[in-house]
Each structure stands twice: as structure tokens, then as C-alpha cells.
Amino acid sequence: MKKIYVLGLAVGLVILAVASVCFAADYDYKTMTPDIEKALKNRQSRYHQLQSLKQEGVVGENNKGYVTDLKNNAAAATLTAAENRDRRVLYEALAEQNKLGNTGLLEVQKAFADVQREKAGPGDMVQSSSGDWKKKS
Amino acid sequence: MKPIMKAITMFLAAIVIAGCTVKAVGDPNRPITINANVVVDIRGLKQTATNIEDMIAEGAVK
């Protein structure tokens, strides 16, 4: 009897784990507004310039899903301000359109920060979730 | 049922219930405010973030 109960519990846990993988929520832009389109195009147009500044260590990816000017460089500051404005538009739209609730924007920012940290190339400056800046190896 | 089994059962039940709790706050004379828990799937969100960043990188203007 005891074995059957434990077996049932194990099967239940496996089903829960499989279900969580198979039924992962699908978040996306439900409506492609002009603001979203503009933000995406803006980000595409400055992508390579931003990548160069990242490789030079002038700009880094912070732990809130935005870029930071690390050297108080005027050109970099202008670029990061524009990039962060567009990122904010995209994050807010994603949280709002997917009805992620009060903490949705923070969750979206955190997810993007994680992805940016993972995607950063060797030598890029990234901020860990604890707040430390380091060069990605 | 052993205490450990009971504890595991209670824990699993708590996880299932916590995901779909709807709490009503207010009194009969005022409109009811419903605070629903919104469960955000972090893995799904990270996948979306990855797709968006890939799309930006692939469509980047040179």
C-alpha cells in the first residue's frame, strides 16, 4: 500500500514537471502598435553601434534589462538613453498586452536582463543579479 | 499515513491552490475589488525575450 502511494506521488510529480515544460506560457505582442514597430526598428538601426561600444567596454548590460554608460562618454550616454527608451516601450507593451499584472514589468525586465547577460559576448561588461559588474569571459 | 507523506501532500496541494487563488476584498455596500494572483511563467518570458533579441540582431541595419 505504501509503495503504491509513493509510486502515485512520483508519477504525479513527473506529470507536473512534463506539463510545465509542454504548457509553457506563450508571451508575445498581441497587437503590433506603431510605437512597438518604431522601437524595434530603432533598436535594429543602432544594434551594431551598440555592439561596438559594448566590446570597447564603454557600455554594459545592467541587471534591469537596460544598457548603462560605464565611462561617462557623451556619445554613449545619448545612445544608451535612446536605446533604453525603446526598450522601455517594448517591455511595457509586453507586460501590458499579456496582462502580467502589477509586477509584470519587473518580471519582463528581469527576463530580458537574463537573456542579455546570456547573449553577451566575451569581454562585454555585464551586471550580475547581485549588482556586481564584470567582464564576461 | 505517515507525517512526512501528509506534509508532502499538503505542500503539493498548496502549490496547486496558490496558482489559482482569487481573493475578494470589500463590504456589501461598496464595489468588490478582486485581486487575482497572476502567475508569470519565467521560462516562457525568457523564451519570448530571446526571440525578440534574435529578431533585432538578425534585422540589424549595417
# chains A, B, ... in the order shown; residues from 1 in each chain; ligands from 1
call {"tool": "interface_residues", "arguments": {"of": "chain A", "to": "chain B", "cutoff": "7 Å", "atoms": "only C-alpha atoms", "output": "compact mmCIF listing (two decimals) with N, CA and C atoms, in the first residue's frame"}}
result
# COMPACT_ATOMS: atom_id res chain seq x y z
N ALA A 24 4.34 25.68 -21.42
CA ALA A 24 4.98 26.95 -21.07
C ALA A 24 4.17 28.08 -21.70
N ALA A 25 3.97 29.13 -20.93
CA ALA A 25 3.16 30.24 -21.41
C ALA A 25 3.79 30.87 -22.65
N ASP A 26 2.94 31.29 -23.56
CA ASP A 26 3.42 31.88 -24.81
C ASP A 26 3.15 33.39 -24.77
N TYR A 27 4.20 34.16 -24.47
CA TYR A 27 4.04 35.61 -24.40
C TYR A 27 4.50 36.21 -25.72
N ASP A 28 3.76 37.17 -26.19
CA ASP A 28 4.16 37.85 -27.43
C ASP A 28 3.41 39.16 -27.55
N LEU A 40 11.30 48.75 -32.28
CA LEU A 40 12.06 47.62 -32.85
C LEU A 40 13.00 48.10 -33.95
N ARG A 43 15.91 50.04 -32.54
CA ARG A 43 16.91 49.16 -31.93
C ARG A 43 17.73 48.44 -32.99
N GLN A 44 17.08 48.06 -34.08
CA GLN A 44 17.83 47.39 -35.17
C GLN A 44 18.83 48.35 -35.81
N SER A 45 18.44 49.61 -35.92
CA SER A 45 19.32 50.57 -36.60
C SER A 45 20.55 50.93 -35.75
N TYR A 47 21.88 48.74 -33.48
CA TYR A 47 22.40 47.48 -32.93
C TYR A 47 23.93 47.36 -33.04
N HIS A 48 24.47 47.57 -34.26
CA HIS A 48 25.91 47.36 -34.45
C HIS A 48 26.75 48.40 -33.70
N LEU A 100 0.28 40.92 -17.44
CA LEU A 100 1.17 40.30 -16.46
C LEU A 100 1.03 40.88 -15.05
N GLY A 101 0.09 41.78 -14.86
CA GLY A 101 -0.18 42.28 -13.51
C GLY A 101 0.79 43.36 -13.06
N VAL A 108 9.35 41.18 -16.72
CA VAL A 108 9.81 41.30 -18.11
C VAL A 108 11.24 41.82 -18.13
N ALA A 111 13.66 39.15 -17.09
CA ALA A 111 13.83 38.13 -18.13
C ALA A 111 14.76 38.64 -19.23
N PHE A 112 14.55 39.89 -19.65
CA PHE A 112 15.41 40.45 -20.70
C PHE A 112 16.84 40.62 -20.19
N VAL A 115 18.52 37.32 -20.41
CA VAL A 115 18.82 36.96 -21.80
C VAL A 115 20.01 37.78 -22.31
call {"tool": "residues_around", "arguments": {"residues": "Thr68 in chain A", "least_positions_apart": "2", "cutoff": "10 Å", "atoms": "only C-alpha atoms", "output": "VMD selection string"}}
result
chain A and resid 54 58 to 63 65 to 66 70 to 72 76 to 77 79 to 81 83 to 84 125 to 127
call {"tool": "residues_around", "arguments": {"residues": "Glu92 in chain A", "least_positions_apart": "6", "cutoff": "10 Å", "atoms": "only C-alpha atoms", "output": "NGL selection string"}}
result
:A and (36 or 98 or 104-106 or 108-109)
call {"tool": "write_last_selection", "arguments": {"atoms": "C-alpha atoms", "output": "PDB file, in the first residue's frame"}}
result
ATOM      1  CA  ILE A  36       6.359  48.893 -30.887  1.00  0.00           C
ATOM      2  CA  ASN A  98      -0.003  39.846 -21.843  1.00  0.00           C
ATOM      3  CA  GLY A 104       4.743  42.243 -14.825  1.00  0.00           C
ATOM      4  CA  LEU A 105       7.100  44.983 -15.954  1.00  0.00           C
ATOM      5  CA  LEU A 106       9.699  43.944 -13.366  1.00  0.00           C
ATOM      6  CA  VAL A 108       9.805  41.297 -18.108  1.00  0.00           C
ATOM      7  CA  GLN A 109      12.849  43.468 -17.320  1.00  0.00           C
TER       8      GLN A 109
END
call {"tool": "select_by_dssp", "arguments": {"residues": "chain A", "states": "strand (DSSP E or B)", "output": "list of chain:residue names"}}
result
A:Val59, A:Gly60, A:Glu61, A:Val67, A:Thr68, A:Asp69, A:Met125, A:Val126, A:Gln127, A:Trp133, A:Lys134, A:Lys135
call {"tool": "closest_residue", "arguments": {"among": "A:Gly57, A:Asp69, A:Lys99, A:Asn42", "to": "Pro122 in chain A", "atoms": "only C-alpha atoms"}}
result
A:Gly57
